[in-house]
Amino acid sequence: MKLFDVLVAFAGISLLLLAGITLRRKLRLLQALGIPEALVAGLLGLLIGPYGPWPVFPERVYAVWSQTPGVLISLVFATLFLGQRLPSPRELWRRAAGQTAFGMTLGFGQYLVGGLMVLLVLQPLFGTNPLMACLIEVGFEGGHGTAAGMGTTFSDLGLPSGEALGLAMATVGVVSAVLIGSTLVVIGRSRQWLKQRASAGEAVAEAQITAVAPSGPVGVVTIDALTVNLALAGGAVGLGVLLKEGITQTGRALGGDGTAQLLEAIPVFPLAMVGGLLVQLLLQWRRHPDLASAALQSSVGSLAMDVLITAAMASINLPMLEENWLPFLLLALAGLVWNVAVFLLLGPRVFHDHWFERSIADFGQGTGVTATGLLLLRMADPRGSSRAMESFSFKQLVFEPFLGGGLVTALAPIAVVSWGLPSFSAVALLLTAAAIGFGLWVGRRPAPLA
């Protein structure tokens, strides 16, 4: 890879992002749908890519773009816990138990639905690769970043088209989340499912987004605060790399080269998230938590995610989608049916109050991305009069280490290969049933005091 190619790739991504920003501002439909600028930029890149109708850049530039997501996704996940005020377990339980149970039901159920669809329908009819059972969770819960980050894992395990399919599933998820979610909000208003209190004193929307992660002034240092926070995120990624190496070497010592080769497929990005948690705990232990700024870490993560989405979408290998378009479509439809069913059937039984507002946020995240969940919550609760935002924010601390790009997401394809799809689906069934049971139990308990 030549330096010139990297520079051209960087310039191309920058131009695509600028074009995406301009196009989204001009087209009100894109604003109404809540389609992010990075996704617009990536779709523009796809049109001028090697498989699009108007190829512009040489293929070596797309080769650079295709390798970019695997690096940036680790940086995104490394920033999740840095700068956060980590609450006590009791506080987490009080605020996020029901929200976590609901999110876990969506996530584990997506594995269950995917496993059953592949096992009972797609394999007998189309000979579909068992690893496609993971695509719904990777695309819907994980989103574009996770789909891009899992590309190497899918390829190593025998599904070269996994990244392209995951990115396509994530795109379907974002668009479907906005369209279906908006429709649900309209239906909810007509049926009076939304029970908002009009008291101005209860408007807490914006403040509660940062209730979990207040940022303080950065301590006295001789370099720019952004540099400090980027270095902390890089250190977290480094810890993730060390953790992966340690896991691989332990597997080799205990199970031989076969086990080590399987563990090599574990991506770095969930371990980078663990590294970020360790760095934050170290800062709190050494009484220097002010070095990590939640606002700056969010900016670093957002920058990496925007570039990641644009590069990943622009470098999608479209011919790989052609081979699996019908199984892909059936999986996407099954995942959407599951998410809507959980929203309508489980939401009213899990949450003590404001069930619609609490459920719609998780529906948006579990079908599209976190930003989509917040968008739908804002549509359902424009005054912020419910406590949904606070519970949704606290839930991320429990949920993200496991699903939506966490450890379960990273290990699920390996489990499919090692256990076989029938056993994997059985485990998914048990986990889904446990999440539903936990949610119903929380729903029957007395409501926690505010």
# chains A, B, ... in the order shown; residues from 1 in each chain; ligands from 1
$ residues_around --residues "Ile309 of chain A" --least-positions-apart "4" --cutoff "12 Å" --atoms "only C-alpha atoms" --output "PDB file with N, CA and C atoms, in the first residue's frame"
ATOM      1  N   ILE A  13     -12.674  10.140   0.750  1.00  0.00           N
ATOM      2  CA  ILE A  13     -13.637  10.019   1.843  1.00  0.00           C
ATOM      3  C   ILE A  13     -14.111  11.402   2.287  1.00  0.00           C
ATOM      4  N   LEU A  16     -16.557  12.748  -0.224  1.00  0.00           N
ATOM      5  CA  LEU A  16     -17.835  12.047  -0.118  1.00  0.00           C
ATOM      6  C   LEU A  16     -18.634  12.534   1.084  1.00  0.00           C
ATOM      7  N   LEU A  17     -17.961  12.758   2.219  1.00  0.00           N
ATOM      8  CA  LEU A  17     -18.653  13.257   3.402  1.00  0.00           C
ATOM      9  C   LEU A  17     -19.235  14.649   3.151  1.00  0.00           C
ATOM     10  N   GLY A  20     -22.208  14.196   1.002  1.00  0.00           N
ATOM     11  CA  GLY A  20     -23.314  13.634   1.783  1.00  0.00           C
ATOM     12  C   GLY A  20     -23.992  14.685   2.641  1.00  0.00           C
ATOM     13  N   PRO A  36     -28.386   9.258   8.360  1.00  0.00           N
ATOM     14  CA  PRO A  36     -27.178  10.016   8.694  1.00  0.00           C
ATOM     15  C   PRO A  36     -26.370  10.394   7.455  1.00  0.00           C
ATOM     16  N   GLU A  37     -25.634  11.497   7.578  1.00  0.00           N
ATOM     17  CA  GLU A  37     -24.833  11.995   6.454  1.00  0.00           C
ATOM     18  C   GLU A  37     -23.797  10.977   5.998  1.00  0.00           C
ATOM     19  N   ALA A  38     -23.209  10.247   6.956  1.00  0.00           N
ATOM     20  CA  ALA A  38     -22.181   9.275   6.598  1.00  0.00           C
ATOM     21  C   ALA A  38     -22.753   8.161   5.721  1.00  0.00           C
ATOM     22  N   LEU A  39     -24.000   7.757   5.998  1.00  0.00           N
ATOM     23  CA  LEU A  39     -24.620   6.715   5.184  1.00  0.00           C
ATOM     24  C   LEU A  39     -24.904   7.238   3.780  1.00  0.00           C
ATOM     25  N   VAL A  40     -25.341   8.493   3.669  1.00  0.00           N
ATOM     26  CA  VAL A  40     -25.549   9.111   2.356  1.00  0.00           C
ATOM     27  C   VAL A  40     -24.229   9.156   1.595  1.00  0.00           C
ATOM     28  N   ALA A  41     -23.164   9.559   2.290  1.00  0.00           N
ATOM     29  CA  ALA A  41     -21.846   9.624   1.663  1.00  0.00           C
ATOM     30  C   ALA A  41     -21.394   8.244   1.186  1.00  0.00           C
ATOM     31  N   GLY A  42     -21.630   7.222   2.004  1.00  0.00           N
ATOM     32  CA  GLY A  42     -21.248   5.871   1.613  1.00  0.00           C
ATOM     33  C   GLY A  42     -22.007   5.369   0.409  1.00  0.00           C
ATOM     34  N   LEU A  43     -23.296   5.690   0.338  1.00  0.00           N
ATOM     35  CA  LEU A  43     -24.084   5.284  -0.827  1.00  0.00           C
ATOM     36  C   LEU A  43     -23.615   6.001  -2.088  1.00  0.00           C
ATOM     37  N   LEU A  44     -23.227   7.277  -1.952  1.00  0.00           N
ATOM     38  CA  LEU A  44     -22.647   7.983  -3.092  1.00  0.00           C
ATOM     39  C   LEU A  44     -21.346   7.315  -3.534  1.00  0.00           C
ATOM     40  N   GLY A  45     -20.530   6.912  -2.541  1.00  0.00           N
ATOM     41  CA  GLY A  45     -19.293   6.216  -2.855  1.00  0.00           C
ATOM     42  C   GLY A  45     -19.541   4.896  -3.551  1.00  0.00           C
ATOM     43  N   LEU A  46     -20.642   4.232  -3.187  1.00  0.00           N
ATOM     44  CA  LEU A  46     -20.987   2.963  -3.827  1.00  0.00           C
ATOM     45  C   LEU A  46     -21.320   3.176  -5.306  1.00  0.00           C
ATOM     46  N   TRP A  65      -9.946   1.784   1.390  1.00  0.00           N
ATOM     47  CA  TRP A  65     -11.217   1.971   2.081  1.00  0.00           C
ATOM     48  C   TRP A  65     -11.711   0.682   2.724  1.00  0.00           C
ATOM     49  N   SER A  66     -11.536  -0.433   2.042  1.00  0.00           N
ATOM     50  CA  SER A  66     -12.046  -1.700   2.572  1.00  0.00           C
ATOM     51  C   SER A  66     -11.318  -2.136   3.833  1.00  0.00           C
ATOM     52  N   THR A  68     -10.093   0.104   6.063  1.00  0.00           N
ATOM     53  CA  THR A  68     -10.266   1.145   7.077  1.00  0.00           C
ATOM     54  C   THR A  68     -11.233   0.762   8.192  1.00  0.00           C
ATOM     55  N   PRO A  69     -12.417   0.177   7.910  1.00  0.00           N
ATOM     56  CA  PRO A  69     -13.375  -0.114   8.982  1.00  0.00           C
ATOM     57  C   PRO A  69     -12.831  -1.003  10.079  1.00  0.00           C
ATOM     58  N   GLY A  70     -12.043  -2.011   9.723  1.00  0.00           N
ATOM     59  CA  GLY A  70     -11.512  -2.916  10.735  1.00  0.00           C
ATOM     60  C   GLY A  70     -10.633  -2.226  11.755  1.00  0.00           C
ATOM     61  N   LEU A  72     -10.904   1.340  12.451  1.00  0.00           N
ATOM     62  CA  LEU A  72     -11.662   2.392  13.122  1.00  0.00           C
ATOM     63  C   LEU A  72     -12.688   1.857  14.103  1.00  0.00           C
ATOM     64  N   ILE A  73     -13.254   0.663  13.845  1.00  0.00           N
ATOM     65  CA  ILE A  73     -14.273   0.144  14.754  1.00  0.00           C
ATOM     66  C   ILE A  73     -13.692  -0.094  16.148  1.00  0.00           C
ATOM     67  N   VAL A  76     -13.765   3.214  17.872  1.00  0.00           N
ATOM     68  CA  VAL A  76     -15.131   3.564  18.278  1.00  0.00           C
ATOM     69  C   VAL A  76     -15.480   2.903  19.606  1.00  0.00           C
ATOM     70  N   GLY A 143     -25.245  -2.633  13.669  1.00  0.00           N
ATOM     71  CA  GLY A 143     -25.154  -1.504  12.747  1.00  0.00           C
ATOM     72  C   GLY A 143     -23.980  -1.621  11.798  1.00  0.00           C
ATOM     73  N   HIS A 144     -23.758  -0.545  11.047  1.00  0.00           N
ATOM     74  CA  HIS A 144     -22.736  -0.562  10.003  1.00  0.00           C
ATOM     75  C   HIS A 144     -21.328  -0.777  10.574  1.00  0.00           C
ATOM     76  N   GLY A 145     -21.044  -0.148  11.688  1.00  0.00           N
ATOM     77  CA  GLY A 145     -19.708  -0.288  12.262  1.00  0.00           C
ATOM     78  C   GLY A 145     -19.389  -1.720  12.653  1.00  0.00           C
ATOM     79  N   THR A 146     -20.328  -2.350  13.338  1.00  0.00           N
ATOM     80  CA  THR A 146     -20.121  -3.741  13.746  1.00  0.00           C
ATOM     81  C   THR A 146     -20.051  -4.669  12.536  1.00  0.00           C
ATOM     82  N   ALA A 147     -20.917  -4.442  11.560  1.00  0.00           N
ATOM     83  CA  ALA A 147     -20.897  -5.279  10.355  1.00  0.00           C
ATOM     84  C   ALA A 147     -19.544  -5.193   9.656  1.00  0.00           C
ATOM     85  N   ALA A 148     -19.001  -3.969   9.576  1.00  0.00           N
ATOM     86  CA  ALA A 148     -17.691  -3.815   8.955  1.00  0.00           C
ATOM     87  C   ALA A 148     -16.599  -4.473   9.793  1.00  0.00           C
ATOM     88  N   GLY A 149     -16.691  -4.323  11.103  1.00  0.00           N
ATOM     89  CA  GLY A 149     -15.684  -4.910  11.971  1.00  0.00           C
ATOM     90  C   GLY A 149     -15.707  -6.427  11.988  1.00  0.00           C
ATOM     91  N   LEU A 167     -23.471  -5.182   6.088  1.00  0.00           N
ATOM     92  CA  LEU A 167     -23.670  -3.765   5.786  1.00  0.00           C
ATOM     93  C   LEU A 167     -25.030  -3.530   5.125  1.00  0.00           C
ATOM     94  N   ALA A 168     -25.404  -4.428   4.228  1.00  0.00           N
ATOM     95  CA  ALA A 168     -26.719  -4.301   3.602  1.00  0.00           C
ATOM     96  C   ALA A 168     -27.834  -4.474   4.632  1.00  0.00           C
ATOM     97  N   ALA A 170     -27.618  -3.762   7.808  1.00  0.00           N
ATOM     98  CA  ALA A 170     -27.624  -2.559   8.635  1.00  0.00           C
ATOM     99  C   ALA A 170     -28.353  -1.416   7.927  1.00  0.00           C
ATOM    100  N   THR A 171     -28.165  -1.309   6.623  1.00  0.00           N
ATOM    101  CA  THR A 171     -28.862  -0.266   5.861  1.00  0.00           C
ATOM    102  C   THR A 171     -30.367  -0.496   5.870  1.00  0.00           C
ATOM    103  N   SER A 302     -17.334   9.523  17.263  1.00  0.00           N
ATOM    104  CA  SER A 302     -18.203   9.930  16.161  1.00  0.00           C
ATOM    105  C   SER A 302     -17.414  10.131  14.872  1.00  0.00           C
ATOM    106  N   LEU A 303     -16.238  10.735  14.993  1.00  0.00           N
ATOM    107  CA  LEU A 303     -15.387  10.914  13.809  1.00  0.00           C
ATOM    108  C   LEU A 303     -15.024   9.564  13.204  1.00  0.00           C
ATOM    109  N   ALA A 304     -14.574   8.643  14.061  1.00  0.00           N
ATOM    110  CA  ALA A 304     -14.195   7.316  13.558  1.00  0.00           C
ATOM    111  C   ALA A 304     -15.386   6.607  12.929  1.00  0.00           C
ATOM    112  N   MET A 305     -16.569   6.744  13.552  1.00  0.00           N
ATOM    113  CA  MET A 305     -17.749   6.059  13.026  1.00  0.00           C
ATOM    114  C   MET A 305     -18.186   6.637  11.685  1.00  0.00           C
ATOM    115  N   MET A 313     -19.424   1.434   3.355  1.00  0.00           N
ATOM    116  CA  MET A 313     -20.484   1.416   2.354  1.00  0.00           C
ATOM    117  C   MET A 313     -19.919   1.598   0.944  1.00  0.00           C
ATOM    118  N   ALA A 314     -18.939   2.490   0.806  1.00  0.00           N
ATOM    119  CA  ALA A 314     -18.373   2.762  -0.521  1.00  0.00           C
ATOM    120  C   ALA A 314     -17.629   1.568  -1.091  1.00  0.00           C
ATOM    121  N   SER A 315     -17.150   0.670  -0.227  1.00  0.00           N
ATOM    122  CA  SER A 315     -16.349  -0.467  -0.700  1.00  0.00           C
ATOM    123  C   SER A 315     -17.099  -1.796  -0.652  1.00  0.00           C
ATOM    124  N   ILE A 316     -18.433  -1.753  -0.544  1.00  0.00           N
ATOM    125  CA  ILE A 316     -19.219  -2.992  -0.543  1.00  0.00           C
ATOM    126  C   ILE A 316     -18.994  -3.748  -1.852  1.00  0.00           C
TER     127      ILE A 316
END
$ select_by_dssp --residues "segment 206-390 of chain A" --states "helix (DSSP H, G or I)" --output "PyMOL selection string"
chain A and resi 206-209+225-263+269-285+289-291+294-314+318-322+325-350+355-367+370-380+388-390
$ residues_around --residues "segment 372-377 of chain A" --least-positions-apart "5" --cutoff "10 Å" --atoms "only C-alpha atoms" --output "PyMOL selection string"
chain A and resi 33-36+173-175+177-178+181-182+184-185+205+209+356-367+382+384+386+388-389+392
$ closest_residue --among "A:Glu245, A:Asp353, A:Asp156, A:Glu390" --to "Ile414 of chain A" --atoms "only C-alpha atoms"
A:Asp156
$ atom_distance --atom1 "atom CA of Gln261 of chain A" --atom2 "atom CA of Met320 of chain A"
25.2 Å
$ closest_residue --among "A:Gln110, A:Ser88, A:Thr105, A:Gln31" --to "Gly142 of chain A" --atoms "only C-alpha atoms"
A:Gln110
$ closest_residue --among "A:Ile180, A:Val408, A:Val337, A:Cys134" --to "Glu163 of chain A" --atoms "only C-alpha atoms"
A:Cys134
$ atom_distance --atom1 "atom CA of Leu262 of chain A" --atom2 "atom CA of Leu421 of chain A"
16.4 Å
$ closest_residue --among "A:Gly255, A:Gly347, A:Gly420, A:Gly151" --to "Ala101 of chain A" --atoms "only C-alpha atoms"
A:Gly347
$ closest_residue --among "A:Ile436, A:Leu30, A:Ala332, A:Leu159" --to "Gly109 of chain A" --atoms "only C-alpha atoms"
A:Ile436
$ residues_around --residues "Ser418 of chain A" --least-positions-apart "6" --cutoff "12 Å" --atoms "only C-alpha atoms" --output "count of residues only"
11
$ residues_around --residues "segment 122-126 of chain A" --least-positions-apart "6" --cutoff "10 Å" --atoms "only C-alpha atoms" --output "PDB file with N, CA and C atoms, in the first residue's frame"
ATOM      1  N   GLY A 114     -32.830 -15.871  13.427  1.00  0.00           N
ATOM      2  CA  GLY A 114     -31.882 -16.152  12.351  1.00  0.00           C
ATOM      3  C   GLY A 114     -31.503 -17.616  12.295  1.00  0.00           C
ATOM      4  N   GLY A 115     -31.246 -18.208  13.449  1.00  0.00           N
ATOM      5  CA  GLY A 115     -30.877 -19.623  13.485  1.00  0.00           C
ATOM      6  C   GLY A 115     -31.983 -20.520  12.972  1.00  0.00           C
ATOM      7  N   LEU A 116     -33.214 -20.258  13.412  1.00  0.00           N
ATOM      8  CA  LEU A 116     -34.333 -21.089  12.966  1.00  0.00           C
ATOM      9  C   LEU A 116     -34.623 -20.895  11.485  1.00  0.00           C
ATOM     10  N   MET A 132     -24.899 -17.202   8.291  1.00  0.00           N
ATOM     11  CA  MET A 132     -25.871 -16.156   8.006  1.00  0.00           C
ATOM     12  C   MET A 132     -26.911 -16.024   9.112  1.00  0.00           C
ATOM     13  N   ALA A 133     -26.960 -16.992  10.020  1.00  0.00           N
ATOM     14  CA  ALA A 133     -27.858 -16.887  11.171  1.00  0.00           C
ATOM     15  C   ALA A 133     -27.486 -15.719  12.072  1.00  0.00           C
ATOM     16  N   ASN A 324     -26.794 -14.174  -2.570  1.00  0.00           N
ATOM     17  CA  ASN A 324     -27.593 -14.483  -1.378  1.00  0.00           C
ATOM     18  C   ASN A 324     -28.751 -13.504  -1.181  1.00  0.00           C
ATOM     19  N   LEU A 326     -31.981 -13.499  -1.927  1.00  0.00           N
ATOM     20  CA  LEU A 326     -33.264 -13.994  -1.436  1.00  0.00           C
ATOM     21  C   LEU A 326     -33.170 -14.453   0.025  1.00  0.00           C
ATOM     22  N   PRO A 327     -32.163 -15.267   0.410  1.00  0.00           N
ATOM     23  CA  PRO A 327     -32.020 -15.575   1.837  1.00  0.00           C
ATOM     24  C   PRO A 327     -31.851 -14.315   2.691  1.00  0.00           C
ATOM     25  N   PHE A 328     -31.106 -13.342   2.163  1.00  0.00           N
ATOM     26  CA  PHE A 328     -30.916 -12.092   2.892  1.00  0.00           C
ATOM     27  C   PHE A 328     -32.254 -11.389   3.124  1.00  0.00           C
ATOM     28  N   LEU A 330     -35.290 -12.675   3.189  1.00  0.00           N
ATOM     29  CA  LEU A 330     -36.125 -13.429   4.129  1.00  0.00           C
ATOM     30  C   LEU A 330     -35.644 -13.238   5.565  1.00  0.00           C
ATOM     31  N   LEU A 331     -34.325 -13.202   5.757  1.00  0.00           N
ATOM     32  CA  LEU A 331     -33.788 -12.953   7.095  1.00  0.00           C
ATOM     33  C   LEU A 331     -34.175 -11.562   7.595  1.00  0.00           C
TER      34      LEU A 331
END
$ atom_distance --atom1 "atom CA of Phe438 of chain A" --atom2 "atom CA of Thr370 of chain A"
23.0 Å
